[in-house]
file entry23.tsv (TSV, C-alpha atoms)
chain	number	residue	atom	x	y	z
A	98	MET	CA	30.78	-123.57	-80.37
A	99	LEU	CA	28.69	-123.72	-77.22
A	100	LYS	CA	30.47	-125.00	-74.15
A	101	ARG	CA	28.76	-128.38	-74.22
A	102	TRP	CA	30.96	-130.11	-71.68
A	103	ARG	CA	28.92	-130.88	-68.61
A	104	TRP	CA	29.96	-133.41	-66.06
A	105	TRP	CA	28.37	-134.49	-62.82
A	106	THR	CA	30.08	-133.11	-59.71
A	107	PHE	CA	29.19	-134.67	-56.39
A	108	GLY	CA	28.55	-131.43	-54.50
A	109	ALA	CA	28.34	-130.73	-50.81
A	110	LEU	CA	26.62	-133.74	-49.30
A	111	GLY	CA	28.50	-136.32	-51.36
A	112	ALA	CA	31.78	-134.62	-50.66
A	113	GLY	CA	31.03	-134.48	-46.97
A	114	LEU	CA	30.54	-138.23	-46.93
A	115	ALA	CA	33.82	-138.62	-48.75
A	116	LEU	CA	35.87	-136.76	-46.15
A	117	SER	CA	36.62	-140.08	-44.48
A	118	LEU	CA	39.25	-140.70	-47.17
A	119	GLY	CA	42.00	-139.05	-45.16
A	120	GLY	CA	45.15	-137.37	-46.39
A	121	CYS	CA	45.67	-133.61	-46.22
A	122	ALA	CA	45.68	-133.11	-50.00
A	123	GLN	CA	42.50	-135.12	-50.46
A	124	ILE	CA	40.74	-133.38	-47.57
A	125	GLY	CA	41.80	-130.01	-48.97
A	126	TYR	CA	40.36	-130.87	-52.35
A	127	LEU	CA	37.10	-132.14	-50.90
A	128	GLY	CA	36.90	-129.09	-48.68
A	129	GLN	CA	36.95	-126.77	-51.68
A	130	SER	CA	34.22	-128.90	-53.25
A	131	VAL	CA	32.01	-128.57	-50.18
A	132	GLY	CA	32.70	-124.87	-49.76
A	133	GLY	CA	32.28	-124.11	-53.45
A	134	HIS	CA	28.98	-125.90	-53.67
A	135	LEU	CA	27.60	-124.32	-50.51
A	136	ARG	CA	28.50	-120.84	-51.80
A	137	LEU	CA	26.82	-121.62	-55.11
A	138	VAL	CA	23.62	-122.82	-53.42
A	139	ALA	CA	23.63	-119.85	-51.03
A	140	ALA	CA	23.77	-117.44	-53.98
A	141	ALA	CA	20.53	-118.82	-55.41
A	142	LYS	CA	17.04	-117.58	-54.64
A	143	PRO	CA	13.63	-118.65	-55.98
A	144	VAL	CA	12.83	-117.63	-59.53
A	145	GLU	CA	9.62	-115.94	-58.37
A	146	ASP	CA	11.70	-113.67	-56.12
A	147	TRP	CA	13.80	-112.60	-59.08
A	148	LEU	CA	10.69	-112.00	-61.17
A	149	ALA	CA	9.23	-109.81	-58.42
A	150	ASP	CA	12.15	-107.39	-58.79
A	151	PRO	CA	10.96	-104.49	-60.99
A	152	GLU	CA	14.56	-103.70	-61.93
A	153	LEU	CA	15.27	-107.15	-63.36
A	154	LYS	CA	16.57	-106.85	-66.91
A	155	PRO	CA	13.88	-107.74	-69.47
A	156	ALA	CA	16.02	-110.35	-71.25
A	157	LEU	CA	16.72	-112.21	-68.01
A	158	ARG	CA	13.06	-111.91	-66.95
A	159	GLU	CA	11.96	-113.52	-70.20
A	160	ARG	CA	14.55	-116.28	-69.90
A	161	LEU	CA	13.65	-117.10	-66.31
A	162	GLN	CA	9.99	-117.32	-67.24
A	163	GLN	CA	10.84	-119.57	-70.16
A	164	SER	CA	13.06	-121.76	-67.99
A	165	GLN	CA	10.12	-122.49	-65.70
A	166	ARG	CA	7.96	-123.50	-68.66
A	167	MET	CA	10.78	-125.85	-69.64
A	168	ARG	CA	10.93	-127.16	-66.08
A	169	ASP	CA	7.19	-127.84	-66.13
A	170	PHE	CA	7.56	-129.55	-69.51
A	171	ALA	CA	10.29	-131.76	-68.07
A	172	VAL	CA	7.88	-133.04	-65.44
A	173	LYS	CA	4.66	-133.28	-67.45
A	174	GLN	CA	5.98	-134.49	-70.81
A	175	LEU	CA	9.36	-136.11	-70.10
A	176	HIS	CA	8.43	-137.47	-66.66
A	177	LEU	CA	11.64	-136.16	-65.11
A	178	PRO	CA	11.78	-135.55	-61.34
A	179	ASP	CA	9.36	-133.01	-59.90
A	180	ASN	CA	11.40	-131.30	-57.19
A	181	ASN	CA	12.99	-127.93	-56.44
A	182	SER	CA	15.93	-128.30	-58.86
A	183	TYR	CA	16.07	-125.47	-61.41
A	184	ARG	CA	13.38	-123.50	-59.58
A	185	ARG	CA	16.03	-121.14	-58.19
A	186	TYR	CA	18.54	-118.87	-59.94
A	187	ALA	CA	22.00	-117.56	-59.08
A	188	ASP	CA	24.34	-115.13	-60.80
A	189	LEU	CA	27.82	-116.37	-59.90
A	190	GLY	CA	29.62	-113.47	-61.55
A	191	ARG	CA	31.84	-115.87	-63.49
A	192	SER	CA	31.76	-117.80	-66.76
A	193	ALA	CA	31.57	-121.35	-65.37
A	194	ALA	CA	30.11	-123.12	-62.38
A	195	VAL	CA	33.22	-125.29	-62.02
A	196	TRP	CA	36.34	-126.14	-63.98
A	197	ASN	CA	37.04	-129.80	-64.63
A	198	VAL	CA	40.43	-131.40	-65.17
A	199	VAL	CA	40.67	-134.56	-67.27
A	200	ALA	CA	43.85	-136.44	-68.12
A	201	THR	CA	45.14	-139.42	-70.08
A	202	PRO	CA	48.54	-141.02	-70.62
A	203	GLU	CA	50.51	-139.76	-73.61
A	204	LEU	CA	49.84	-142.92	-75.61
A	205	SER	CA	46.39	-143.94	-74.39
A	206	LEU	CA	42.78	-142.76	-74.60
A	207	THR	CA	41.94	-144.05	-71.12
A	208	LEU	CA	40.90	-141.30	-68.74
A	209	LYS	CA	42.62	-141.10	-65.38
A	210	THR	CA	40.00	-141.68	-62.67
A	211	TRP	CA	39.52	-140.47	-59.12
A	212	CYS	CA	37.46	-142.51	-56.65
A	213	PHE	CA	35.29	-141.44	-53.73
A	214	PRO	CA	33.20	-143.33	-51.18
A	215	ILE	CA	29.50	-143.65	-52.03
A	216	MET	CA	29.82	-141.93	-55.41
A	217	GLY	CA	32.32	-144.32	-57.02
A	218	CYS	CA	35.03	-143.44	-59.55
A	219	VAL	CA	34.84	-140.61	-62.09
A	220	GLY	CA	37.08	-139.55	-64.94
A	221	TYR	CA	37.54	-135.93	-63.91
A	222	ARG	CA	38.44	-133.68	-60.98
A	223	GLY	CA	36.39	-130.53	-60.53
A	224	TYR	CA	37.37	-127.17	-59.02
A	225	PHE	CA	35.28	-124.12	-58.18
A	226	ASN	CA	38.34	-121.93	-58.75
A	227	GLN	CA	39.89	-121.86	-62.22
A	228	ALA	CA	43.39	-121.07	-60.93
A	229	GLU	CA	43.30	-124.16	-58.71
A	230	ALA	CA	42.19	-126.29	-61.65
A	231	GLU	CA	45.02	-124.96	-63.80
A	232	ALA	CA	47.54	-125.56	-61.00
A	233	TYR	CA	46.45	-129.17	-60.63
A	234	ALA	CA	46.55	-129.59	-64.41
A	235	ALA	CA	50.16	-128.39	-64.37
A	236	GLU	CA	50.99	-131.09	-61.79
A	237	LEU	CA	49.50	-133.75	-64.03
A	238	ARG	CA	51.37	-132.47	-67.09
A	239	ALA	CA	54.59	-132.65	-65.08
A	240	GLN	CA	53.82	-136.36	-64.61
A	241	GLY	CA	53.75	-136.80	-68.40
A	242	LEU	CA	49.97	-136.87	-68.78
A	243	GLU	CA	47.98	-135.12	-71.48
A	244	VAL	CA	45.50	-132.78	-69.80
A	245	MET	CA	42.41	-130.74	-70.64
A	246	VAL	CA	40.83	-128.07	-68.43
A	247	TYR	CA	37.36	-126.90	-69.35
A	248	GLY	CA	34.65	-124.77	-67.82
A	249	VAL	CA	31.43	-126.51	-66.86
A	250	PRO	CA	28.30	-124.33	-67.02
A	251	ALA	CA	26.16	-126.73	-64.94
A	252	TYR	CA	26.39	-129.91	-62.91
A	253	SER	CA	24.05	-132.27	-61.12
A	254	THR	CA	24.28	-133.41	-57.52
A	255	LEU	CA	22.03	-136.40	-58.32
A	256	GLY	CA	19.38	-134.96	-56.01
A	257	TRP	CA	21.71	-134.62	-52.98
A	258	SER	CA	21.06	-130.88	-52.80
A	259	ARG	CA	17.28	-130.97	-52.51
A	260	LEU	CA	17.40	-130.07	-48.82
A	261	LEU	CA	19.56	-127.05	-49.71
A	262	GLY	CA	17.18	-125.77	-52.36
A	263	GLY	CA	18.07	-128.07	-55.23
A	264	ASP	CA	20.43	-127.58	-58.17
A	265	PRO	CA	19.94	-123.98	-59.39
A	266	LEU	CA	19.72	-122.26	-62.71
A	267	LEU	CA	22.92	-120.27	-63.29
A	268	ASN	CA	24.03	-117.25	-65.29
A	269	THR	CA	26.63	-119.53	-66.90
A	270	PHE	CA	24.06	-121.01	-69.28
A	271	MET	CA	20.99	-118.77	-69.28
A	272	SER	CA	22.02	-117.08	-72.52
A	273	TYR	CA	22.11	-120.37	-74.44
A	274	PRO	CA	19.81	-120.71	-77.45
A	275	GLU	CA	16.34	-121.91	-76.49
A	276	ALA	CA	16.80	-125.56	-77.47
A	277	GLU	CA	20.19	-125.80	-75.78
A	278	LEU	CA	18.81	-124.32	-72.56
A	279	ALA	CA	15.96	-126.82	-72.56
A	280	GLY	CA	18.35	-129.67	-73.35
A	281	LEU	CA	20.70	-128.69	-70.54
A	282	ILE	CA	17.89	-128.69	-67.98
A	283	PHE	CA	16.67	-132.07	-69.21
A	284	HIS	CA	20.24	-133.45	-69.26
A	285	GLU	CA	20.96	-132.47	-65.68
A	286	LEU	CA	17.60	-133.67	-64.36
A	287	SER	CA	18.12	-137.06	-65.99
A	288	HIS	CA	21.11	-137.66	-63.70
A	289	GLN	CA	18.58	-137.80	-60.86
A	290	VAL	CA	16.74	-140.64	-62.63
A	291	ALA	CA	19.47	-143.27	-63.07
A	292	TYR	CA	23.12	-143.53	-62.08
A	293	ALA	CA	25.65	-146.33	-62.47
A	294	ALA	CA	28.61	-146.08	-60.09
A	295	ASP	CA	32.03	-146.14	-61.79
A	296	ASP	CA	30.52	-145.73	-65.29
A	297	THR	CA	30.76	-142.11	-66.41
A	298	GLN	CA	30.20	-143.07	-70.05
A	299	PHE	CA	26.90	-144.77	-69.23
A	300	ASN	CA	25.66	-141.86	-67.11
A	301	GLU	CA	26.62	-139.10	-69.52
A	302	SER	CA	25.46	-140.90	-72.66
A	303	PHE	CA	22.07	-141.57	-71.06
A	304	ALA	CA	21.76	-137.89	-70.13
A	305	THR	CA	22.83	-136.85	-73.64
A	306	ALA	CA	20.11	-139.04	-75.16
A	307	VAL	CA	17.49	-137.45	-72.88
A	308	GLU	CA	18.87	-134.02	-73.77
A	309	ARG	CA	18.63	-134.60	-77.53
A	310	ARG	CA	15.20	-136.20	-77.60
A	311	GLY	CA	13.86	-133.89	-74.92
A	312	ALA	CA	14.98	-130.75	-76.75
A	313	LEU	CA	13.31	-131.97	-79.95
A	314	ALA	CA	10.10	-132.70	-78.05
A	315	TRP	CA	10.20	-129.21	-76.53
A	316	LEU	CA	10.67	-127.56	-79.93
A	317	GLN	CA	7.85	-129.58	-81.46
A	318	ALA	CA	5.58	-128.49	-78.63
A	319	GLN	CA	6.39	-124.85	-79.46
A	320	GLY	CA	4.89	-125.23	-82.92
A	321	GLY	CA	7.91	-125.44	-85.23
A	322	SER	CA	9.58	-122.08	-84.73
A	323	ALA	CA	12.63	-120.83	-86.59
A	324	GLU	CA	14.65	-121.85	-83.54
A	325	GLY	CA	13.73	-125.45	-84.35
A	326	GLN	CA	15.35	-125.18	-87.76
A	327	ASN	CA	18.41	-123.52	-86.28
A	328	TYR	CA	18.68	-126.26	-83.68
A	329	LEU	CA	18.54	-128.98	-86.32
A	330	LYS	CA	21.27	-127.16	-88.24
A	331	ARG	CA	23.45	-126.98	-85.14
A	332	GLN	CA	22.78	-130.63	-84.39
A	333	ALA	CA	23.76	-131.63	-87.93
A	334	ARG	CA	27.01	-129.72	-87.54
A	335	ARG	CA	27.68	-131.40	-84.19
A	336	GLU	CA	27.06	-134.76	-85.81
A	337	GLN	CA	29.64	-133.95	-88.49
A	338	PHE	CA	32.04	-132.95	-85.72
A	339	ARG	CA	31.37	-136.22	-83.88
A	340	THR	CA	31.84	-138.24	-87.08
A	341	LEU	CA	35.15	-136.56	-87.86
A	342	THR	CA	36.57	-136.78	-84.35
A	343	GLY	CA	35.15	-140.27	-83.79
A	344	GLY	CA	37.02	-141.56	-86.82
A	345	TYR	CA	40.29	-140.13	-85.59
A	346	ARG	CA	39.64	-141.35	-82.06
A	347	ALA	CA	39.29	-144.87	-83.45
A	348	ARG	CA	42.50	-144.48	-85.47
A	349	LEU	CA	44.39	-143.24	-82.43
A	350	GLY	CA	43.08	-146.11	-80.34
A	351	ALA	CA	44.18	-148.61	-82.96
A	352	LEU	CA	47.61	-146.98	-83.14
A	353	PHE	CA	48.14	-147.11	-79.38
A	354	SER	CA	47.30	-150.83	-79.32
A	355	GLN	CA	49.90	-151.74	-81.93
A	356	PRO	CA	53.19	-153.46	-80.91
A	357	LEU	CA	55.32	-150.41	-81.78
A	358	THR	CA	57.93	-148.50	-79.86
A	359	ASP	CA	56.81	-145.40	-78.03
A	360	GLU	CA	58.89	-143.32	-80.42
A	361	ALA	CA	57.11	-144.81	-83.43
A	362	LYS	CA	53.72	-144.24	-81.81
A	363	ARG	CA	54.55	-140.61	-81.10
A	364	ALA	CA	55.53	-140.01	-84.72
A	365	ALA	CA	52.40	-141.70	-86.06
A	366	LYS	CA	50.23	-139.81	-83.58
A	367	ALA	CA	51.70	-136.47	-84.71
A	368	GLN	CA	50.89	-137.39	-88.31
A	369	LEU	CA	47.31	-138.30	-87.43
A	370	MET	CA	46.80	-135.02	-85.58
A	371	ALA	CA	48.12	-133.09	-88.57
A	372	GLU	CA	45.71	-134.96	-90.85
A	373	LEU	CA	42.86	-134.24	-88.45
A	374	ARG	CA	43.42	-130.50	-88.66
A	375	VAL	CA	43.58	-130.62	-92.46
A	376	ASP	CA	40.29	-132.52	-92.59
A	377	TYR	CA	38.71	-130.07	-90.18
A	378	ALA	CA	39.83	-127.10	-92.28
A	379	ARG	CA	38.26	-128.75	-95.32
A	380	LEU	CA	35.00	-129.46	-93.50
A	381	LYS	CA	34.83	-125.91	-92.19
A	382	ALA	CA	35.44	-124.39	-95.62
A	383	GLU	CA	33.26	-126.73	-97.70
A	384	SER	CA	30.30	-127.39	-95.38
A	385	TRP	CA	30.24	-124.78	-92.62
A	386	GLY	CA	30.81	-121.58	-94.56
A	387	GLY	CA	33.99	-120.88	-92.64
A	388	ASP	CA	32.32	-120.97	-89.19
A	389	SER	CA	35.15	-120.99	-86.65
A	390	GLY	CA	33.17	-122.19	-83.64
A	391	TYR	CA	35.18	-125.39	-83.28
A	392	ASP	CA	38.62	-123.85	-83.89
A	393	GLY	CA	39.52	-123.85	-80.21
A	394	TRP	CA	38.80	-127.54	-79.81
A	395	PHE	CA	40.98	-128.54	-82.74
A	396	THR	CA	43.78	-126.19	-81.70
A	397	ARG	CA	43.96	-127.81	-78.26
A	398	ALA	CA	42.99	-131.37	-79.25
A	399	ASN	CA	44.86	-134.11	-77.41
A	400	ASN	CA	44.18	-137.56	-75.98
A	401	ALA	CA	42.24	-136.13	-73.05
A	402	SER	CA	39.84	-134.19	-75.27
A	403	PHE	CA	39.24	-137.28	-77.44
A	404	ALA	CA	38.55	-139.39	-74.35
A	405	LEU	CA	36.14	-136.78	-73.02
A	406	LEU	CA	34.14	-136.84	-76.26
A	407	SER	CA	33.79	-140.59	-75.95
A	408	ALA	CA	32.42	-140.27	-72.42
A	409	TYR	CA	29.60	-138.00	-73.54
A	410	THR	CA	28.45	-139.48	-76.82
A	411	GLU	CA	29.71	-143.02	-77.35
A	412	LEU	CA	26.62	-144.79	-75.97
A	413	ALA	CA	23.99	-142.15	-76.77
A	414	PRO	CA	22.76	-143.96	-79.93
A	415	GLN	CA	22.12	-147.09	-77.85
A	416	PHE	CA	20.01	-145.14	-75.39
A	417	GLU	CA	18.06	-143.49	-78.20
A	418	ALA	CA	17.43	-146.92	-79.68
A	419	LEU	CA	16.21	-148.08	-76.28
A	420	LEU	CA	13.79	-145.15	-76.10
A	421	ASP	CA	12.50	-146.09	-79.55
A	422	ARG	CA	12.15	-149.70	-78.46
A	423	GLU	CA	9.95	-148.53	-75.60
A	424	GLY	CA	7.75	-146.65	-78.06
A	425	GLY	CA	8.87	-143.25	-76.82
A	426	ASP	CA	7.33	-144.02	-73.43
A	427	TRP	CA	9.57	-142.11	-71.01
A	428	PRO	CA	8.67	-143.96	-67.76
A	429	ARG	CA	9.27	-147.33	-69.43
A	430	PHE	CA	12.53	-146.02	-70.86
A	431	TYR	CA	13.72	-144.85	-67.44
A	432	ALA	CA	12.78	-148.18	-65.87
A	433	ALA	CA	14.84	-149.99	-68.52
A	434	VAL	CA	17.81	-147.68	-67.92
A	435	LYS	CA	17.63	-148.26	-64.17
A	436	SER	CA	17.68	-152.00	-64.78
A	437	LEU	CA	20.76	-151.62	-66.97
A	438	ALA	CA	22.48	-149.53	-64.29
A	439	GLU	CA	22.16	-152.44	-61.87
A	440	LEU	CA	24.02	-154.86	-64.17
A	441	PRO	CA	27.78	-155.52	-63.99
A	442	LEU	CA	29.70	-153.24	-66.36
A	443	ALA	CA	30.52	-155.85	-69.02
A	444	GLN	CA	26.97	-157.16	-69.10
A	445	ARG	CA	25.63	-153.61	-69.25
A	446	ARG	CA	27.77	-152.81	-72.29
A	447	MET	CA	26.81	-156.04	-74.02
A	448	ARG	CA	23.11	-155.38	-73.47
A	449	LEU	CA	23.37	-151.83	-74.81
A	450	GLN	CA	25.15	-153.04	-77.94
A	451	ASP	CA	22.45	-155.66	-78.48
A	452	ILE	CA	19.83	-152.92	-78.24
A	453	LYS	CA	21.63	-150.82	-80.85
A	454	ASN	CA	22.09	-153.76	-83.23
A	455	THR	CA	18.66	-155.35	-82.95
A	456	GLY	CA	16.38	-152.76	-81.40
A	457	GLU	CA	15.29	-155.39	-78.88

call {"tool": "encode", "arguments": {"input": "entry23.tsv", "output": "structure tokens"}}
result
Amino acid sequence: MLKRWRWWTFGALGAGLALSLGGCAQIGYLGQSVGGHLRLVAAAKPVEDWLADPELKPALRERLQQSQRMRDFAVKQLHLPDNNSYRRYADLGRSAAVWNVVATPELSLTLKTWCFPIMGCVGYRGYFNQAEAEAYAAELRAQGLEVMVYGVPAYSTLGWSRLLGGDPLLNTFMSYPEAELAGLIFHELSHQVAYAADDTQFNESFATAVERRGALAWLQAQGGSAEGQNYLKRQARREQFRTLTGGYRARLGALFSQPLTDEAKRAAKAQLMAELRVDYARLKAESWGGDSGYDGWFTRANNASFALLSAYTELAPQFEALLDREGGDWPRFYAAVKSLAELPLAQRRMRLQDIKNTGE
């Protein structure tokens, strides 16, 4: 399975503003965010400079050229921001741009949140060093929380890094299949279009909707290649994954809300997780030809991983319905999303549900 988990990280300028929080631990954390982002930006150079290198490997040359066609498509066809983001490339020499830590209580699907000035509250904590992420995860586990640490191939600074050269292309995702590379670029650029403070689910679901529809538009513009069929197959498999895990997420949520003792909830939860793995094994054998791409997720599945899935996909159908309501007109769609982002959280959710139910 591709490492699909991408989460916005505030980057250097946002972190710098947040240093007013005080507290040695908090300042230390924010310092690594600033330093990590500045090192990442400093490692990047314009794509044309890379292409001018006669010793550049042919596969990377082809991918960089393709990425710029995708970037142009994002502006001309999807009406995403036309700036210097994804016009530079960096090889970080590692497998992820940053490692995120997410956590939930043992008997809850509610993500722990961390709050920062200007940027609001988010349901993750990101580290540019994997060992530091794992160390912090161990602290959270010692507090009785269920924790997930995952590598993030890309993140958006919401446009904060434009003066530093913009968010760059990275080696961490350049080998993705064509449609996934296009979708990632579109996903990250969409974070520069609309942002609702303290609402990770809104922000990520909006970006996921742009990613999905944008990738399909890109493939259609390429004339229906074999990659298009492969992408649809991968998307169908992801939808089966989302259906399976979404059903169990709902069952876990219902269990945790029942007036039972913690001991009874733990026993019922263990039974549900055992059933989940049986159902996954059946799906893999009967529909996926034994493909093991999702094995790691199911092996490590816990409350935190279920909550993370919800953050990325729960509202995506509502945003896709909104795009359809606007006749596929991207500027009108973005204007509607910006208006939603300005609403209070409860009203925003209610409006999105109305859009999904009525298409109005």

call {"tool": "residues_near_point", "arguments": {"input": "entry23.tsv", "point": "(6.9, -127.1, -71.0)", "cutoff": "12 Å", "atoms": "only C-alpha atoms", "output": "PyMOL selection string"}}
result
chain A and resi 162-177+276+279-280+282-283+311-312+314-319

call {"tool": "write_last_selection", "arguments": {"input": "entry23.tsv", "atoms": "C-alpha atoms", "output": "tab-separated table (two decimals), in the coordinates of the input"}}
result
chain	number	residue	atom	x	y	z
A	162	GLN	CA	9.99	-117.32	-67.24
A	163	GLN	CA	10.84	-119.57	-70.16
A	164	SER	CA	13.06	-121.76	-67.99
A	165	GLN	CA	10.12	-122.49	-65.70
A	166	ARG	CA	7.96	-123.50	-68.66
A	167	MET	CA	10.78	-125.85	-69.64
A	168	ARG	CA	10.93	-127.16	-66.08
A	169	ASP	CA	7.19	-127.84	-66.13
A	170	PHE	CA	7.56	-129.55	-69.51
A	171	ALA	CA	10.29	-131.76	-68.07
A	172	VAL	CA	7.88	-133.04	-65.44
A	173	LYS	CA	4.66	-133.28	-67.45
A	174	GLN	CA	5.98	-134.49	-70.81
A	175	LEU	CA	9.36	-136.11	-70.10
A	176	HIS	CA	8.43	-137.47	-66.66
A	177	LEU	CA	11.64	-136.16	-65.11
A	276	ALA	CA	16.80	-125.56	-77.47
A	279	ALA	CA	15.96	-126.82	-72.56
A	280	GLY	CA	18.35	-129.67	-73.35
A	282	ILE	CA	17.89	-128.69	-67.98
A	283	PHE	CA	16.67	-132.07	-69.21
A	311	GLY	CA	13.86	-133.89	-74.92
A	312	ALA	CA	14.98	-130.75	-76.75
A	314	ALA	CA	10.10	-132.70	-78.05
A	315	TRP	CA	10.20	-129.21	-76.53
A	316	LEU	CA	10.67	-127.56	-79.93
A	317	GLN	CA	7.85	-129.58	-81.46
A	318	ALA	CA	5.58	-128.49	-78.63
A	319	GLN	CA	6.39	-124.85	-79.46

call {"tool": "closest_atom_pairs", "arguments": {"input": "entry23.tsv", "of": "range 306-357 of chain A", "to": "range 394-406 of chain A", "cutoff": "10 Å", "atoms": "all atoms listed in the file", "output": "JSON lines"}}
result
{"residue": "A:Arg339", "atom": "CA", "partner": "A:Leu406", "partner_atom": "CA", "distance": 8.1}
{"residue": "A:Thr342", "atom": "CA", "partner": "A:Phe403", "partner_atom": "CA", "distance": 7.4}
{"residue": "A:Gly343", "atom": "CA", "partner": "A:Phe403", "partner_atom": "CA", "distance": 8.1}
{"residue": "A:Tyr345", "atom": "CA", "partner": "A:Phe403", "partner_atom": "CA", "distance": 8.7}
{"residue": "A:Arg346", "atom": "CA", "partner": "A:Phe403", "partner_atom": "CA", "distance": 6.2}
{"residue": "A:Ala347", "atom": "CA", "partner": "A:Phe403", "partner_atom": "CA", "distance": 9.7}
{"residue": "A:Leu349", "atom": "CA", "partner": "A:Asn400", "partner_atom": "CA", "distance": 8.6}
{"residue": "A:Gly350", "atom": "CA", "partner": "A:Asn400", "partner_atom": "CA", "distance": 9.7}

call {"tool": "closest_residue", "arguments": {"input": "entry23.tsv", "among": "A:Gly393, A:Gly424, A:Gly344, A:Gly128", "to": "Phe225 in chain A", "atoms": "all atoms listed in the file"}}
result
A:Gly128

call {"tool": "closest_atom_pairs", "arguments": {"input": "entry23.tsv", "of": "range 299-407 of chain A", "to": "range 435-450 of chain A", "cutoff": "12 Å", "atoms": "all atoms listed in the file", "output": "Markdown table"}}
result
| residue | atom | partner | partner_atom | distance |
| --- | --- | --- | --- | --- |
| A:Phe299 | CA | A:Ala438 | CA | 8.2 |
| A:Asn300 | CA | A:Ala438 | CA | 8.8 |
| A:Ser302 | CA | A:Leu449 | CA | 11.3 |
| A:Phe303 | CA | A:Ala438 | CA | 10.5 |

call {"tool": "closest_atom_pairs", "arguments": {"input": "entry23.tsv", "of": "range 186-226 of chain A", "to": "range 238-261 of chain A", "cutoff": "6 Å", "atoms": "only C-alpha atoms", "output": "tab-separated table"}}
result
residue	atom	partner	partner_atom	distance
A:Ala193	CA	A:Pro250	CA	4.7
A:Ala194	CA	A:Pro250	CA	5.1
A:Val195	CA	A:Val249	CA	5.3
A:Trp196	CA	A:Gly248	CA	4.4
A:Asn197	CA	A:Tyr247	CA	5.5
A:Val198	CA	A:Val246	CA	4.7
A:Val199	CA	A:Met245	CA	5.4
A:Ala200	CA	A:Val244	CA	4.4
A:Thr201	CA	A:Glu243	CA	5.3
A:Pro202	CA	A:Leu242	CA	4.8
A:Glu203	CA	A:Leu242	CA	5.7

call {"tool": "write_last_selection", "arguments": {"input": "entry23.tsv", "atoms": "C-alpha atoms", "output": "PDB file, keeping the file's coordinate frame"}}
result
ATOM      1  CA  ALA A 193      31.570-121.350 -65.370  1.00  0.00           C
ATOM      2  CA  ALA A 194      30.110-123.120 -62.380  1.00  0.00           C
ATOM      3  CA  VAL A 195      33.220-125.290 -62.020  1.00  0.00           C
ATOM      4  CA  TRP A 196      36.340-126.140 -63.980  1.00  0.00           C
ATOM      5  CA  ASN A 197      37.040-129.800 -64.630  1.00  0.00           C
ATOM      6  CA  VAL A 198      40.430-131.400 -65.170  1.00  0.00           C
ATOM      7  CA  VAL A 199      40.670-134.560 -67.270  1.00  0.00           C
ATOM      8  CA  ALA A 200      43.850-136.440 -68.120  1.00  0.00           C
ATOM      9  CA  THR A 201      45.140-139.420 -70.080  1.00  0.00           C
ATOM     10  CA  PRO A 202      48.540-141.020 -70.620  1.00  0.00           C
ATOM     11  CA  GLU A 203      50.510-139.760 -73.610  1.00  0.00           C
TER      12      GLU A 203
END

call {"tool": "residues_around", "arguments": {"input": "entry23.tsv", "residues": "Glu372 in chain A", "least_positions_apart": "3", "cutoff": "12 Å", "atoms": "all atoms listed in the file", "output": "ChimeraX atom specification"}}
result
/A:341-342,344-345,348-349,365-369,375-379,395

call {"tool": "atom_distance", "arguments": {"input": "entry23.tsv", "atom1": "CA of Pro155 in chain A", "atom2": "CA of Gly390 in chain A"}}
result
28.0 Å

call {"tool": "closest_residue", "arguments": {"input": "entry23.tsv", "among": "A:His288, A:Lys381, A:Arg335, A:Lys330", "to": "Val434 in chain A", "atoms": "all atoms listed in the file"}}
result
A:His288
